[in-house]
Amino acid sequence: MMSGESADAVRDELADIAIYLLRLTDVLGVQLDDEVARKFRRNKMRFPTSG
């Protein structure tokens with residue numbers, strides 16, 4: 001786990017990115033949870049696991 005002032009700054013930036021992403025998906029009408037699930041399915045086909 002990160003600690004200290006630089007860790008606080010990183011957490012603040014990550015929160016800013018998350019806010020921006022959520023706002024962008026709202027403006028564009030994108031269902032982020034659907035797109036993430038679709039991406040996982042595509043990656044599973046592209047990079048199958050052995051075993």
# chains A, B, ... in the order shown; residues from 1 in each chain; ligands from 1
$ select_by_dssp --residues "chain A" --states "helix (DSSP H, G or I)" --output "VMD selection string"
chain A and resid 5 to 28 32 to 46
$ atom_distance --atom1 "CA of Glu13 in chain A" --atom2 "CA of Arg38 in chain A"
26.6 Å
$ atom_distance --atom1 "CA of Thr25 in chain A" --atom2 "CA of Arg46 in chain A"
25.3 Å
$ atom_distance --atom1 "CA of Tyr20 in chain A" --atom2 "CA of Phe40 in chain A"
22.0 Å
